[in-house]
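Chemist: Okay, here's the structure, questions in a sec.
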Amino acid sequence: KDPRPMKTVFSPLHSRRHVRTELDGGLLIEPHEKPSRAETILARVKDQALGEILEPEEFGLAPIQRVHTPDYVAFLETCWQDWLAAGKPGEAIPAVWAGRGMRHRIPKDIDGRLGYYSFAAETSISEGTWEAARASANVALTAQKLVADGERAAFALCRPPGHHAHADLFGGYCFFNNAAIVAQAFRDQGYGKVAILDVDFHHGNGTQAIFYDRADVLTISLHGDPDLVFPHFLGFEDELGEGTGEGYNLNIVYPPGTPYSTWSQGLETACERIEVFKPDALVVALGVDTFEHDPISFFKLASEDYLSLGQRLAQLGLPTVFTMEGGYDVDAIGVNAVNVMQGFEGKS
Ligand SMILES: NCCCNCCCCCS
Ligand SMILES: [Mg+2]
Ligand SMILES: [Zn+2]
C-alpha cells in the first residue's frame with residue numbers, strides 16, 4: 001500500500017556462516033553458498049539506492065518453532081559443539097541416513113543425529129552456523145513486520161537461505177525455512193490466507209512439505225526437473241497437496257535450457273493460481289539461480305528478465321515479502337536480485 005521505496009533487511013551476522021567445505025563430485029570444494037553472495041547483493045542495494053537498509057530485530061525461537069520442531073531447533077543449536085565433543089577433525093557433514101526399511105528414530109550419537117536431521121550431504125556445519133541461521137530468520141521476520149505495519153513490500157536479504165529446510169530437516173544450504181516462517185507469522189497475525197511463490201531454480205521442497213496438508217497457505221514452485229537436479233526426490237507436477245491441502249500445492253517443472261519466454265508462461269500460471277486463491281499476503285522465495293550463467297543450474301534467464309519478473313509480481317497487488325534464497329553466480333547476483341526489486345518498484 002505504501003509507495004515509499006522498498007526497505008531491505010540485512011544482518012552482518014550472516015558472515016558467521018563461513019564453512020570451508022561443500023561435498024561435491026567426490027571433492028570438498030569451496031562452498032557455492034558463500035558470504036560474498038549477501039555482500040554483493042547489499043552493495044547493489046546501496047549502489048542503486050533502492051531504499052533504507054535495516055538490521056533485524058530479535059524475535060527469539062517462538063516464531064521459528066511455529067514451523068520447525070523443538071527437537072530439530074535444539075539439535076541445530078548444539079550440533080557443532082556435539083561434533084567437536086566427539087573429537088571430529090573436520091566440519092560437521094552428515095554421512096548416514098535411514099534408508100528404506102530402516103528406522104526413523106533419533107539416535108544419541110552425533111553422526112546418527114546429523115543423518116536424522118538432514119536429507120543431503122552438501123551442507124556442512126561449523127562454528128557460527130547456528131548464529132547465522134538465527135539471524136537469517138530474524139531478517140525475514142523483520143521484513144514481515146515492516147509489511148504487516150503497512151509497507152507494500154520488503155526485501156529480506158537472508159543468508160543462509162531456507163526453502164529446502166523441512167520442519168526437521170536441513171539440506172540444500174538451508175536450516176530455517178525463512179519463507180515458511182514468514183508465512184506462518186502472517187497467519188498468526190490474522191492474515192487468513194498466504195501464498196508462497198518459489199522462483200528459485202530448485203524446488204522448494206521444504207516449503208511444500210511444511211504446508212502440504214494445509215489450504216490456508218498456497219505453495220507454488222517453478223523449478224528444474226527433479227528427475228535431473230536437486231532435490232531429486234520431491235517437486236514433481238503430480239504433487240498437488242494432501243487431505244485438506246489437496247489443490248494447494250503447485251509444481252511447475254522445466255527442462256534444461258529453459259529461457260524466460262518459456263519460464264514466464266509458468267510464472268503466469270502461478271500468478272493466475274494466486275489470483276484465484278485471493279491471499280492476504282504473498283511471500284516470494286527469491287532465488288536467482290535461474291540465471292543463464294549460474295554454475296549449478298540449467299535455466300537461461302538473462303539479467304533484464306528479473307526486471308520483468310518483479311513487474312509481474314507487483315501486478316498481483318499484494319503485501320509482499322521477498323526472502324533471498326539461491327543464486328550462485330556471485331558476480332551477477334546483485335544485479336539479478338535487485339532487478340527484481342526495481343522491477344517491482346516500476347523500473348523497466
Ligand atoms: N553440485 C551441485 C549440488 C547441489 N546441491 C545443493 C543445491 C542447493 C541449491 C540451493 S538454492
Ligand atoms: Mg523453485
Ligand atoms: Zn536454488
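Letters A, B, ... go to the chains of the C-alpha cells in the order shown; residues in each chain start at 1; ligands are counted from 1 in the same order.
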Env of His166 in chain A: 7 Å cut, atoms = only C-alpha atoms, seq-sep filter 3 positions within chain, self excluded. Answer as a PDB file with N, CA, C and O atoms, in the first residue's frame.
Modeler:
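The resulting around-v6.pdb:
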```pdb
ATOM      1  N   LEU A 169      14.411 -30.987   8.993  1.00  0.00           N
ATOM      2  CA  LEU A 169      15.489 -31.421   8.097  1.00  0.00           C
ATOM      3  C   LEU A 169      16.257 -30.219   7.569  1.00  0.00           C
ATOM      4  O   LEU A 169      15.622 -29.257   7.102  1.00  0.00           O
ATOM      5  N   PHE A 170      17.601 -30.280   7.607  1.00  0.00           N
ATOM      6  CA  PHE A 170      18.387 -29.275   6.887  1.00  0.00           C
ATOM      7  C   PHE A 170      18.958 -29.894   5.615  1.00  0.00           C
ATOM      8  O   PHE A 170      18.998 -31.128   5.459  1.00  0.00           O
ATOM      9  N   GLY A 206      11.209 -28.041   1.071  1.00  0.00           N
ATOM     10  CA  GLY A 206      10.868 -27.829   2.476  1.00  0.00           C
ATOM     11  C   GLY A 206       9.571 -27.060   2.628  1.00  0.00           C
ATOM     12  O   GLY A 206       8.699 -27.433   3.422  1.00  0.00           O
ATOM     13  N   THR A 207       9.421 -26.027   1.839  1.00  0.00           N
ATOM     14  CA  THR A 207       8.215 -25.193   1.916  1.00  0.00           C
ATOM     15  C   THR A 207       6.981 -26.003   1.553  1.00  0.00           C
ATOM     16  O   THR A 207       5.955 -25.946   2.237  1.00  0.00           O
ATOM     17  N   ALA A 209       6.614 -29.264   1.804  1.00  0.00           N
ATOM     18  CA  ALA A 209       6.363 -30.279   2.840  1.00  0.00           C
ATOM     19  C   ALA A 209       5.715 -29.663   4.079  1.00  0.00           C
ATOM     20  O   ALA A 209       4.797 -30.234   4.671  1.00  0.00           O
ATOM     21  N   ILE A 210       6.162 -28.489   4.463  1.00  0.00           N
ATOM     22  CA  ILE A 210       5.668 -27.840   5.683  1.00  0.00           C
ATOM     23  C   ILE A 210       4.173 -27.536   5.590  1.00  0.00           C
ATOM     24  O   ILE A 210       3.443 -27.684   6.579  1.00  0.00           O
TER      25      ILE A 210
END
```
Chemist: Under the rule of at most 12 Å, produce a per-residue listing of chain A near ligand 3: chain, number, name, the closest pair of atoms, and the distance in Å, as CSV, using only C-alpha atoms and all ligand atoms.
Modeler:
```
residue,atom,partner,partner_atom_place_in_ligand_line,distance
A:His32,CA,ligand 3,1 (Zn),10.7
A:Glu33,CA,ligand 3,1 (Zn),10.1
A:Pro160,CA,ligand 3,1 (Zn),11.9
A:Pro161,CA,ligand 3,1 (Zn),9.0
A:Gly162,CA,ligand 3,1 (Zn),10.0
A:His163,CA,ligand 3,1 (Zn),8.5
A:His164,CA,ligand 3,1 (Zn),8.6
A:Gly171,CA,ligand 3,1 (Zn),11.4
A:Gly172,CA,ligand 3,1 (Zn),7.9
A:Tyr173,CA,ligand 3,1 (Zn),9.2
A:Cys174,CA,ligand 3,1 (Zn),10.2
A:Asp198,CA,ligand 3,1 (Zn),9.6
A:Val199,CA,ligand 3,1 (Zn),8.7
A:Asp200,CA,ligand 3,1 (Zn),5.0
A:Phe201,CA,ligand 3,1 (Zn),4.8
A:His202,CA,ligand 3,1 (Zn),4.2
A:His203,CA,ligand 3,1 (Zn),7.4
A:Gly204,CA,ligand 3,1 (Zn),8.3
A:Asn205,CA,ligand 3,1 (Zn),10.7
A:Ser221,CA,ligand 3,1 (Zn),11.1
A:Leu222,CA,ligand 3,1 (Zn),10.7
A:His223,CA,ligand 3,1 (Zn),8.5
A:Gly224,CA,ligand 3,1 (Zn),9.3
A:Pro226,CA,ligand 3,1 (Zn),11.9
A:Val229,CA,ligand 3,1 (Zn),10.1
A:Phe230,CA,ligand 3,1 (Zn),8.4
A:Pro231,CA,ligand 3,1 (Zn),9.4
A:Ala285,CA,ligand 3,1 (Zn),9.9
A:Leu286,CA,ligand 3,1 (Zn),9.0
A:Gly287,CA,ligand 3,1 (Zn),5.8
A:Val288,CA,ligand 3,1 (Zn),7.5
A:Asp289,CA,ligand 3,1 (Zn),5.6
A:Thr290,CA,ligand 3,1 (Zn),7.9
A:Phe291,CA,ligand 3,1 (Zn),10.5
A:Asp294,CA,ligand 3,1 (Zn),9.8
A:Pro295,CA,ligand 3,1 (Zn),10.9
A:Ile296,CA,ligand 3,1 (Zn),8.5
A:Ser297,CA,ligand 3,1 (Zn),7.8
A:Phe298,CA,ligand 3,1 (Zn),10.8
A:Phe299,CA,ligand 3,1 (Zn),11.2
A:Met324,CA,ligand 3,1 (Zn),10.3
A:Glu325,CA,ligand 3,1 (Zn),6.7
A:Gly326,CA,ligand 3,1 (Zn),4.4
A:Gly327,CA,ligand 3,1 (Zn),6.4
A:Tyr328,CA,ligand 3,1 (Zn),8.4
A:Asp329,CA,ligand 3,1 (Zn),11.5
```
Chemist: I'd like the neighbourhood of Gly51 in chain A as a list in words, where a residue qualifies if any of its atoms comes within 6 Å (using only C-alpha atoms), though same-chain residues fewer than 2 positions away should be ignored.
Modeler: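 What passes the distance filter is Pro5, Met6, Lys7 and Ala49 of chain A.
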Chemist: If we count only C-alpha atoms, what is near Val284 in chain A at a cut-off of 8 Å, once residues fewer than 6 positions away on the same chain are taken out, given as number ranges by chain?
Modeler: A: 179, 196-199, 320-323
Chemist: Just to confirm, what's the straight-line distance from CA of Asp216 in chain A to CA of Val194 in chain A in Å (one decimal)?
Modeler: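 A separation of 6.5 Å between them.
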Chemist: Rank nothing, just name the residue among A:Ala135, A:Leu282, A:Leu50, A:Leu228 nearest to ligand 1, using only C-alpha atoms and all ligand atoms.
Modeler: A:Leu228
Chemist: Could you tell me, as a PyMOL selection string, which residues of range 154-337 of chain A DSSP assigns to helix (DSSP H, G or I) when given the backbone?
Modeler: chain A and resi 178-188+205-211+243-245+260-277+305-314+330-337
Chemist: Could you save those same residues with C-alpha atoms as a PDB file, in the first residue's frame?
Modeler:
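For reference, selection25.pdb as written:
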```pdb
ATOM      1  CA  ASN A 178      12.591 -18.303   6.242  1.00  0.00           C
ATOM      2  CA  ALA A 179       9.715 -18.133   3.722  1.00  0.00           C
ATOM      3  CA  ALA A 180       7.649 -20.610   5.748  1.00  0.00           C
ATOM      4  CA  ILE A 181       8.421 -18.741   8.981  1.00  0.00           C
ATOM      5  CA  VAL A 182       7.208 -15.507   7.356  1.00  0.00           C
ATOM      6  CA  ALA A 183       4.028 -17.137   6.031  1.00  0.00           C
ATOM      7  CA  GLN A 184       3.243 -18.614   9.438  1.00  0.00           C
ATOM      8  CA  ALA A 185       3.889 -15.243  11.093  1.00  0.00           C
ATOM      9  CA  PHE A 186       1.347 -13.641   8.733  1.00  0.00           C
ATOM     10  CA  ARG A 187      -1.139 -16.391   9.642  1.00  0.00           C
ATOM     11  CA  ASP A 188      -0.502 -15.935  13.365  1.00  0.00           C
ATOM     12  CA  ASN A 205      10.806 -28.989  -1.132  1.00  0.00           C
ATOM     13  CA  GLY A 206      10.868 -27.829   2.476  1.00  0.00           C
ATOM     14  CA  THR A 207       8.215 -25.193   1.916  1.00  0.00           C
ATOM     15  CA  GLN A 208       5.984 -27.678   0.092  1.00  0.00           C
ATOM     16  CA  ALA A 209       6.363 -30.279   2.840  1.00  0.00           C
ATOM     17  CA  ILE A 210       5.668 -27.840   5.683  1.00  0.00           C
ATOM     18  CA  PHE A 211       2.305 -26.755   4.255  1.00  0.00           C
ATOM     19  CA  GLY A 243      -6.000 -34.014   2.716  1.00  0.00           C
ATOM     20  CA  THR A 244      -7.277 -30.508   3.371  1.00  0.00           C
ATOM     21  CA  GLY A 245      -4.302 -29.243   1.414  1.00  0.00           C
ATOM     22  CA  TYR A 260      12.437 -16.569 -19.799  1.00  0.00           C
ATOM     23  CA  SER A 261       9.993 -16.705 -22.733  1.00  0.00           C
ATOM     24  CA  THR A 262       9.045 -20.225 -21.594  1.00  0.00           C
ATOM     25  CA  TRP A 263       9.600 -19.810 -17.849  1.00  0.00           C
ATOM     26  CA  SER A 264       7.377 -16.730 -17.774  1.00  0.00           C
ATOM     27  CA  GLN A 265       4.444 -18.850 -19.008  1.00  0.00           C
ATOM     28  CA  GLY A 266       4.796 -20.832 -15.798  1.00  0.00           C
ATOM     29  CA  LEU A 267       5.028 -17.583 -13.880  1.00  0.00           C
ATOM     30  CA  GLU A 268       1.741 -16.554 -15.495  1.00  0.00           C
ATOM     31  CA  THR A 269       0.120 -19.839 -14.476  1.00  0.00           C
ATOM     32  CA  ALA A 270       1.381 -19.296 -10.944  1.00  0.00           C
ATOM     33  CA  CYS A 271       0.090 -15.719 -10.807  1.00  0.00           C
ATOM     34  CA  GLU A 272      -3.322 -16.790 -12.083  1.00  0.00           C
ATOM     35  CA  ARG A 273      -3.482 -19.502  -9.398  1.00  0.00           C
ATOM     36  CA  ILE A 274      -2.554 -16.907  -6.778  1.00  0.00           C
ATOM     37  CA  GLU A 275      -5.268 -14.526  -8.017  1.00  0.00           C
ATOM     38  CA  VAL A 276      -7.875 -17.303  -7.754  1.00  0.00           C
ATOM     39  CA  PHE A 277      -6.647 -18.090  -4.218  1.00  0.00           C
ATOM     40  CA  ASP A 305      14.353 -10.771 -17.193  1.00  0.00           C
ATOM     41  CA  TYR A 306      14.461 -10.164 -13.446  1.00  0.00           C
ATOM     42  CA  LEU A 307      13.035  -6.682 -14.050  1.00  0.00           C
ATOM     43  CA  SER A 308      10.092  -8.320 -15.856  1.00  0.00           C
ATOM     44  CA  LEU A 309       9.693 -10.810 -13.024  1.00  0.00           C
ATOM     45  CA  GLY A 310       9.477  -8.001 -10.479  1.00  0.00           C
ATOM     46  CA  GLN A 311       6.968  -6.079 -12.587  1.00  0.00           C
ATOM     47  CA  ARG A 312       4.713  -9.121 -12.887  1.00  0.00           C
ATOM     48  CA  LEU A 313       4.794  -9.775  -9.159  1.00  0.00           C
ATOM     49  CA  ALA A 314       3.844  -6.160  -8.410  1.00  0.00           C
ATOM     50  CA  VAL A 330      28.220 -14.182  -7.389  1.00  0.00           C
ATOM     51  CA  ASP A 331      29.296 -11.544  -9.927  1.00  0.00           C
ATOM     52  CA  ALA A 332      25.731 -11.272 -11.241  1.00  0.00           C
ATOM     53  CA  ILE A 333      23.718 -11.970  -8.094  1.00  0.00           C
ATOM     54  CA  GLY A 334      23.494  -8.325  -7.043  1.00  0.00           C
ATOM     55  CA  VAL A 335      22.135  -7.059 -10.356  1.00  0.00           C
ATOM     56  CA  ASN A 336      19.769 -10.016 -10.714  1.00  0.00           C
ATOM     57  CA  ALA A 337      18.295  -9.867  -7.197  1.00  0.00           C
TER      58      ALA A 337
END
```
Chemist: With only C-alpha atoms as the atoms that count, which of A:Ile110, A:Ala43, A:Ala132, A:Ile64 lies nearest to His18 in chain A?
Modeler: A:Ala132
Chemist: Using CA of Thr142 in chain A and CA of Pro56 in chain A as the two end points, give the distance in Å to one decimal.
Modeler: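 According to the coordinates, CA of Thr142 in chain A and CA of Pro56 in chain A are separated by 5.5 Å.
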Chemist: Within 7 Å of range 117-124 of chain A, counting only C-alpha atoms, which residues show up once you throw out same-chain ones fewer than 3 positions away? Write them as a PyMOL selection string, please.
Modeler: chain A and resi 19+21-24+72+91-95+113-114+168-173
Chemist: Could you tell me which of A:Arg66, A:Lys347, A:Arg4, A:Arg159 comes closest to ligand 1 if we count only C-alpha atoms and all ligand atoms?
Modeler: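 So, comparing all the options, the nearest one is A:Arg159.
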Chemist: Just checking: using only C-alpha atoms and all ligand atoms, which residue out of A:Ala140, A:Leu61, A:Leu27, A:Ala153 ends up closest to ligand 1?
Modeler: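 When distances to ligand 1 are compared using only C-alpha atoms and all ligand atoms, the smallest one comes from A:Leu27.
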Chemist: Calculated over only C-alpha atoms and all ligand atoms, which of the candidates A:Val45, A:Leu316, A:Leu28, A:Val253 has the smallest distance to ligand 1?
Modeler: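 Of all the options, A:Leu28 lies closest to ligand 1.
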Chemist: From a DSSP pass on the backbone, collect the residues of range 127-319 of chain A flagged as strand (DSSP E or B) and hand them back as a VMD selection string.
Modeler: chain A and resid 151 153 to 156 166 169 to 171 174 194 to 198 217 to 224 249 to 254 259 281 to 286 291 300 to 301
Chemist: Quick one: pull the distance between CA of Glu242 in chain A and CA of Ala195 in chain A, Å, one decimal.
Modeler: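 Rounded to one decimal, the two atoms are 16.7 Å apart.
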Chemist: Of the candidates A:His68, A:Arg44, A:Pro255, A:Ile53, which one gets nearest to Ala154 in chain A if we count only C-alpha atoms?
Modeler: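 Using only C-alpha atoms, the shortest distance to Ala154 in chain A belongs to A:Ile53.
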